[in-house]
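Q: Input structure: structure.cif, which contains mmCIF, C-alpha atoms and all ligand atoms.
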```cif
data_upload
loop_
_atom_site.label_atom_id
_atom_site.label_comp_id
_atom_site.auth_asym_id
_atom_site.auth_seq_id
_atom_site.Cartn_x
_atom_site.Cartn_y
_atom_site.Cartn_z
CA MET A 166 7.33 -80.52 71.97
CA LEU A 167 10.28 -81.50 69.87
CA GLU A 168 13.53 -79.89 70.86
CA TYR A 169 16.03 -79.16 68.11
CA LYS A 170 19.58 -79.91 69.05
CA ALA A 171 22.25 -78.75 66.62
CA ASN A 172 24.91 -81.29 65.91
CA PRO A 173 28.16 -79.36 66.49
CA HIS A 174 30.04 -81.63 64.06
CA LYS A 175 27.53 -81.04 61.25
CA SER A 176 27.47 -77.28 61.86
CA GLY A 177 31.26 -77.16 61.78
CA LEU A 178 31.31 -79.17 58.55
CA ARG A 179 28.69 -76.87 56.95
CA LEU A 180 30.69 -73.80 57.98
CA SER A 181 33.92 -75.27 56.57
CA LEU A 182 32.15 -76.17 53.31
CA GLY A 183 30.71 -72.64 53.10
CA VAL A 184 34.11 -71.05 53.64
CA ALA A 185 35.77 -73.40 51.13
CA THR A 186 33.07 -72.61 48.50
CA ALA A 187 33.50 -68.87 49.08
CA VAL A 188 37.28 -69.18 48.69
CA VAL A 189 36.94 -71.18 45.45
CA VAL A 190 34.36 -68.75 44.01
CA THR A 191 36.49 -65.72 44.96
CA ALA A 192 39.56 -67.32 43.38
CA LEU A 193 37.59 -68.11 40.21
CA VAL A 194 36.16 -64.58 39.95
CA PHE A 195 39.64 -63.16 40.51
CA ALA A 196 41.14 -65.42 37.80
CA ILE A 197 38.39 -64.52 35.29
CA THR A 198 38.55 -60.75 35.99
CA LYS A 199 42.38 -60.87 35.96
CA GLN A 200 42.19 -62.11 32.37
CA GLN A 201 39.66 -59.35 31.56
CA ARG A 202 41.84 -56.71 33.24
CA GLU A 203 44.85 -57.93 31.23
CA THR A 204 42.84 -57.78 27.98
CA THR A 205 41.63 -54.23 28.77
CA LYS A 206 45.22 -53.17 29.56
CA GLN A 207 46.48 -54.66 26.27
CA ARG A 208 43.70 -52.92 24.29
CA LEU A 209 44.51 -49.56 25.92
CA LEU A 210 48.22 -50.10 25.20
CA SER A 211 47.52 -50.89 21.52
CA ARG A 212 45.33 -47.78 21.23
CA GLN A 213 48.00 -45.59 22.82
CA LEU A 214 50.76 -47.02 20.61
CA THR A 215 48.63 -46.43 17.50
CA ALA A 216 47.91 -42.85 18.60
CA LEU A 217 51.58 -42.11 19.32
CA LEU A 218 53.25 -43.56 16.22
CA PRO A 219 52.87 -42.29 12.64
CA THR A 220 51.06 -45.04 10.70
CA ASP A 221 53.71 -45.19 7.98
CA ALA A 222 56.57 -45.55 10.49
CA TYR A 223 56.05 -49.25 11.24
CA ASP A 224 54.56 -52.46 9.95
CA ASN A 225 54.96 -54.71 12.99
CA ASN A 226 52.99 -54.98 16.22
CA PRO A 227 55.07 -53.07 18.80
CA ALA A 228 52.86 -54.37 21.61
CA ILE A 229 54.24 -57.84 20.85
CA ASP A 230 57.79 -56.85 19.82
CA SER A 231 58.60 -55.68 23.30
CA ILE A 232 61.48 -56.02 25.71
CA GLN A 233 61.04 -56.03 29.46
CA LEU A 234 63.68 -53.78 31.04
CA ASN A 235 62.77 -52.84 34.62
CA LYS A 236 65.86 -50.64 34.75
CA GLU A 237 66.30 -47.82 37.21
CA ILE A 238 68.00 -45.15 35.12
CA SER A 239 68.13 -42.62 37.94
CA ASN A 240 66.91 -42.73 41.51
CA ASN A 241 63.50 -41.45 40.46
CA LEU A 242 63.03 -42.96 37.02
CA LEU A 243 62.36 -46.54 35.99
CA VAL A 244 62.28 -47.76 32.39
CA ASN A 245 59.85 -50.66 32.51
CA GLN A 246 59.38 -51.83 28.94
CA ALA A 247 60.44 -50.98 25.38
CA TYR A 248 57.89 -51.48 22.58
CA LEU A 249 59.93 -51.63 19.39
CA TYR A 250 58.42 -50.38 16.19
CA LYS A 251 59.88 -51.80 13.00
CA LYS A 252 59.58 -51.44 9.28
CA ALA A 253 60.60 -54.33 6.98
CA ASN A 254 62.08 -55.99 10.05
CA THR A 255 64.34 -53.04 10.84
CA THR A 256 63.86 -51.25 14.13
CA GLN A 257 62.93 -47.60 13.67
CA GLY A 258 62.56 -46.64 17.31
CA ALA A 259 60.92 -47.51 20.59
CA VAL A 260 58.02 -46.51 22.76
CA LEU A 261 59.38 -46.59 26.30
CA HIS A 262 57.08 -47.20 29.25
CA VAL A 263 58.60 -45.31 32.17
CA THR A 264 57.64 -44.51 35.76
CA THR A 265 58.82 -41.35 37.49
CA SER A 266 58.37 -41.00 41.23
CA GLN A 267 58.77 -37.18 41.06
CA GLY A 268 55.05 -36.45 40.80
CA TYR A 269 53.30 -34.39 43.50
CA SER A 270 51.50 -37.56 44.62
CA GLY A 271 54.12 -40.10 43.65
CA ASP A 272 54.36 -42.20 40.51
CA ILE A 273 53.49 -40.97 37.04
CA GLU A 274 53.61 -43.58 34.25
CA LEU A 275 54.28 -42.45 30.71
CA LEU A 276 54.73 -43.88 27.23
CA ILE A 277 57.44 -41.96 25.37
CA ALA A 278 57.68 -42.62 21.63
CA LEU A 279 61.20 -42.02 20.30
CA SER A 280 62.67 -42.62 16.87
CA GLN A 281 66.26 -43.66 16.23
CA HIS A 282 66.49 -40.55 14.08
CA ASN A 283 66.18 -38.20 17.06
CA TRP A 284 62.47 -37.50 17.00
CA ILE A 285 60.02 -37.52 19.88
CA HIS A 286 56.79 -38.68 18.23
CA GLY A 287 54.85 -37.97 21.39
CA VAL A 288 54.16 -38.76 25.03
CA ALA A 289 51.06 -40.42 26.51
CA LEU A 290 49.98 -40.68 30.10
CA VAL A 291 49.38 -44.22 31.38
CA ALA A 292 48.68 -43.61 35.08
CA HIS A 293 49.05 -40.96 37.77
CA SER A 294 47.66 -39.89 41.15
CA GLU A 295 48.03 -36.12 40.70
CA THR A 296 45.47 -33.74 42.18
CA PRO A 297 42.22 -33.14 40.27
CA GLY A 298 42.17 -29.56 38.97
CA LEU A 299 45.95 -29.15 39.41
CA GLY A 300 48.42 -31.85 38.36
CA ASP A 301 45.80 -33.85 36.47
CA LYS A 302 45.89 -31.21 33.72
CA ILE A 303 48.64 -33.33 32.16
CA GLU A 304 45.80 -35.72 31.10
CA GLN A 305 45.07 -35.47 27.38
CA GLY A 306 41.34 -35.16 28.08
CA ARG A 307 41.80 -32.21 30.46
CA SER A 308 44.22 -29.95 28.58
CA ASP A 309 46.59 -29.84 25.61
CA TRP A 310 49.61 -29.70 27.87
CA LEU A 311 51.07 -33.05 26.69
CA MET A 312 50.65 -32.01 23.03
CA GLN A 313 53.69 -29.76 23.27
CA LEU A 314 55.77 -32.95 23.50
CA ARG A 315 54.64 -34.14 20.03
CA ASN A 316 56.84 -34.16 16.94
CA LEU A 317 59.91 -32.58 18.42
CA LYS A 318 63.39 -32.93 16.97
CA THR A 319 65.52 -33.81 20.00
CA GLU A 320 68.74 -32.41 18.50
CA SER A 321 67.16 -28.96 18.38
CA LEU A 322 66.60 -28.96 22.14
CA PRO A 323 69.57 -28.05 24.34
CA ALA A 324 69.63 -29.46 27.87
CA SER A 325 68.50 -26.05 29.20
CA ALA A 326 65.24 -26.27 27.19
CA TRP A 327 64.03 -29.19 29.33
CA ALA A 328 62.16 -27.21 31.97
CA VAL A 329 59.00 -25.14 32.21
CA LYS A 330 59.24 -21.52 31.02
CA LYS A 331 59.28 -20.00 34.48
CA GLU A 332 62.31 -22.16 35.28
CA GLY A 333 64.13 -21.09 32.11
CA GLY A 334 62.97 -23.89 29.81
CA GLN A 335 60.74 -23.95 26.76
CA PHE A 336 57.67 -25.83 28.00
CA ASP A 337 54.44 -24.32 29.26
CA GLN A 338 53.77 -24.59 32.96
CA ILE A 339 50.47 -25.37 34.65
CA THR A 340 49.39 -22.51 36.90
CA GLY A 341 49.76 -23.41 40.58
CA ALA A 342 51.14 -26.86 39.75
CA THR A 343 54.77 -26.81 38.67
CA ILE A 344 55.78 -30.07 40.32
CA THR A 345 53.78 -32.31 37.97
CA PRO A 346 54.99 -30.83 34.65
CA ARG A 347 58.54 -30.74 36.02
CA ALA A 348 58.32 -34.47 36.76
CA VAL A 349 57.09 -35.24 33.22
CA ILE A 350 59.66 -33.02 31.50
CA ASN A 351 62.54 -34.45 33.57
CA ALA A 352 61.32 -37.99 32.83
CA VAL A 353 61.16 -37.34 29.08
CA SER A 354 64.56 -35.64 29.00
CA ASP A 355 66.27 -38.42 31.03
CA THR A 356 64.59 -41.10 28.92
CA ILE A 357 65.83 -39.51 25.68
CA ASN A 358 69.39 -39.39 27.04
CA TRP A 359 69.19 -43.00 28.23
CA TYR A 360 67.73 -44.16 24.88
CA SER A 361 70.48 -42.48 22.87
CA LEU A 362 73.08 -44.40 24.92
CA ASN A 363 71.21 -47.73 24.72
CA VAL A 364 69.71 -47.66 21.25
CA GLN A 365 71.98 -50.48 19.99
CA SER A 366 70.67 -52.90 22.61
CA LEU A 367 67.06 -52.08 21.70
CA GLN A 368 66.88 -53.59 18.19
C1 LIG A 401 46.18 -30.16 48.30
C2 LIG A 401 47.22 -29.76 47.30
C3 LIG A 401 47.36 -30.50 46.15
C4 LIG A 401 48.32 -30.16 45.19
N1 LIG A 401 48.47 -30.91 44.08
C5 LIG A 401 49.44 -30.60 43.19
C6 LIG A 401 49.65 -31.39 42.01
O1 LIG A 401 48.95 -32.37 41.73
N2 LIG A 401 50.64 -31.03 41.20
C7 LIG A 401 51.46 -29.95 41.42
O2 LIG A 401 52.34 -29.69 40.62
N3 LIG A 401 51.26 -29.19 42.50
C8 LIG A 401 50.28 -29.47 43.37
N4 LIG A 401 50.09 -28.68 44.47
C9 LIG A 401 50.87 -27.44 44.58
C10 LIG A 401 52.32 -27.67 45.04
O3 LIG A 401 52.36 -27.87 46.42
C11 LIG A 401 53.20 -26.49 44.65
O4 LIG A 401 52.79 -25.36 45.35
C12 LIG A 401 53.13 -26.17 43.19
O5 LIG A 401 53.40 -27.28 42.41
C13 LIG A 401 54.16 -25.11 42.84
O6 LIG A 401 53.77 -24.60 41.60
P1 LIG A 401 53.79 -23.04 41.33
O7 LIG A 401 55.22 -22.64 41.51
O8 LIG A 401 53.29 -22.89 39.93
O9 LIG A 401 52.88 -22.42 42.35
C14 LIG A 401 49.15 -29.03 45.42
C15 LIG A 401 48.99 -28.29 46.59
C16 LIG A 401 48.04 -28.63 47.51
C17 LIG A 401 47.91 -27.82 48.77
#
```
Could you render the structure as structure tokens?

A:
Amino acid sequence: MLEYKANPHKSGLRLSLGVATAVVVTALVFAITKQQRETTKQRLLSRQLTALLPTDAYDNNPAIDSIQLNKEISNNLLVNQAYLYKKANTTQGAVLHVTTSQGYSGDIELLIALSQHNWIHGVALVAHSETPGLGDKIEQGRSDWLMQLRNLKTESLPASAWAVKKEGGQFDQITGATITPRAVINAVSDTINWYSLNVQSLQ
């Protein structure tokens, strides 16, 4: 009877080759899907910018005319990026991508579309981890809550208006979930104030 004796050197080599192949394949798959993830993110961004801005307000591509900021404007609010919208090469306003850490479950990312003429065009939700059935009602698909931040003249809103009704402000609350709307309203209010002070540097 023939007895099979494994060559430890060959087995080791095969194992190393297998591991190396797996690493290369994983790296390739990651690189390919990274590109796909980036494309999906860009498409979503373009869709959200189009939905937020009035079509006649700009003739550029704000997704490309953007400035990376990464500025902490308070200890719970980060302004990540400004997407400038322009008409005939003149900046009309900016859509600011911000992250507030005041959510019930941490970060809430928003796009806030502001004109230089003191209008809030609207606010869109980019990402959040709020609780299903409670804080997630800020999602456009789940309720109209975010719609109350559309087409508002900022000058007509005193600082005291920036709160939910039960806290003396003018915005609707979400029953049993005040923390999430408070985080969004504070983020929008602070972003408007920051934008009005920095508008000249965002041209
Ligand atoms: C498991 C759990 C998840 C919750 N998720 C949220 C949430 O996503 N957003 C929120 O504002 N409040 C959430 N709450 C409720 C808050 O703890 C808090 O009671 C509420 O925001 C206060 O709002 P109210 O004054 O309208 O009751 C959650 C509570 C529990 C127990």

Q: Residues within 10 Å of Ser211 of chain A, please, as a list of chain:residue names. Count all atoms listed in the file; anything in the same chain fewer than 5 positions from it doesn't count.

A: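 Everything that qualifies: A:Thr205, A:Lys206, A:Ala216, A:Leu217, A:Asn226, A:Pro227, A:Ala228, A:Ile229.
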
Q: Per residue of segment 179-269 of chain A within 8 Å of segment 278-292 of chain A, which atom pair is closest and at what distance in Å (one decimal), using only C-alpha atoms, listed by chain and increasing number, as JSON lines?

A:
```
{"residue": "A:Gln213", "atom": "CA", "partner": "A:Ala289", "partner_atom": "CA", "distance": 7.1}
{"residue": "A:Leu217", "atom": "CA", "partner": "A:Gly287", "partner_atom": "CA", "distance": 5.7}
{"residue": "A:Leu218", "atom": "CA", "partner": "A:His286", "partner_atom": "CA", "distance": 6.4}
{"residue": "A:Pro219", "atom": "CA", "partner": "A:His286", "partner_atom": "CA", "distance": 7.7}
{"residue": "A:Gln257", "atom": "CA", "partner": "A:Gln281", "partner_atom": "CA", "distance": 5.8}
{"residue": "A:Gly258", "atom": "CA", "partner": "A:Ser280", "partner_atom": "CA", "distance": 4.0}
{"residue": "A:Ala259", "atom": "CA", "partner": "A:Leu279", "partner_atom": "CA", "distance": 5.5}
{"residue": "A:Val260", "atom": "CA", "partner": "A:Ala278", "partner_atom": "CA", "distance": 4.1}
{"residue": "A:Leu261", "atom": "CA", "partner": "A:Ala278", "partner_atom": "CA", "distance": 6.4}
```

Q: Which is closer to Asp309 of chain A than all the others in A:Thr204, A:Glu332, A:Asp337, A:Ser266, using all atoms listed in the file?

A: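 Distance minimum relative to Asp309 of chain A lands on A:Asp337.
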
Q: Measure the distance from atom CA of Thr343 of chain A to atom CA of Leu311 of chain A in Å and round it to one decimal.

A: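 Value for the atom CA of Thr343 of chain A-atom CA of Leu311 of chain A distance: 14.0 Å.
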
Q: Pick from A:Val263, A:Leu276, A:Ile357, A:Ala247: nearest to Arg212 of chain A, with all atoms listed in the file counted?

A: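 Smallest distance to Arg212 of chain A is found for A:Leu276.
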
Q: Around ligand LIG 401 (chain A), at most 9 Å away and counting all atoms listed in the file, which residues are there? Put them as a list in words, please.

A: Gly268, Tyr269, Ser270, Ser294, Glu295, Thr296, Pro297, Gly298, Leu299, Gly300, Asp301, Lys302, Lys331, Gln338, Ile339, Thr340, Gly341, Ala342, Thr343, Ile344, Thr345, Pro346, Arg347 and Ala348 of chain A

Q: Pick the closest to Lys236 of chain A from A:Tyr250, A:Tyr360, A:Gln368, A:Pro323: which is it, counting all atoms listed in the file?

A: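 Nearest candidate to Lys236 of chain A out of A:Tyr250, A:Tyr360, A:Gln368, A:Pro323: A:Tyr360.
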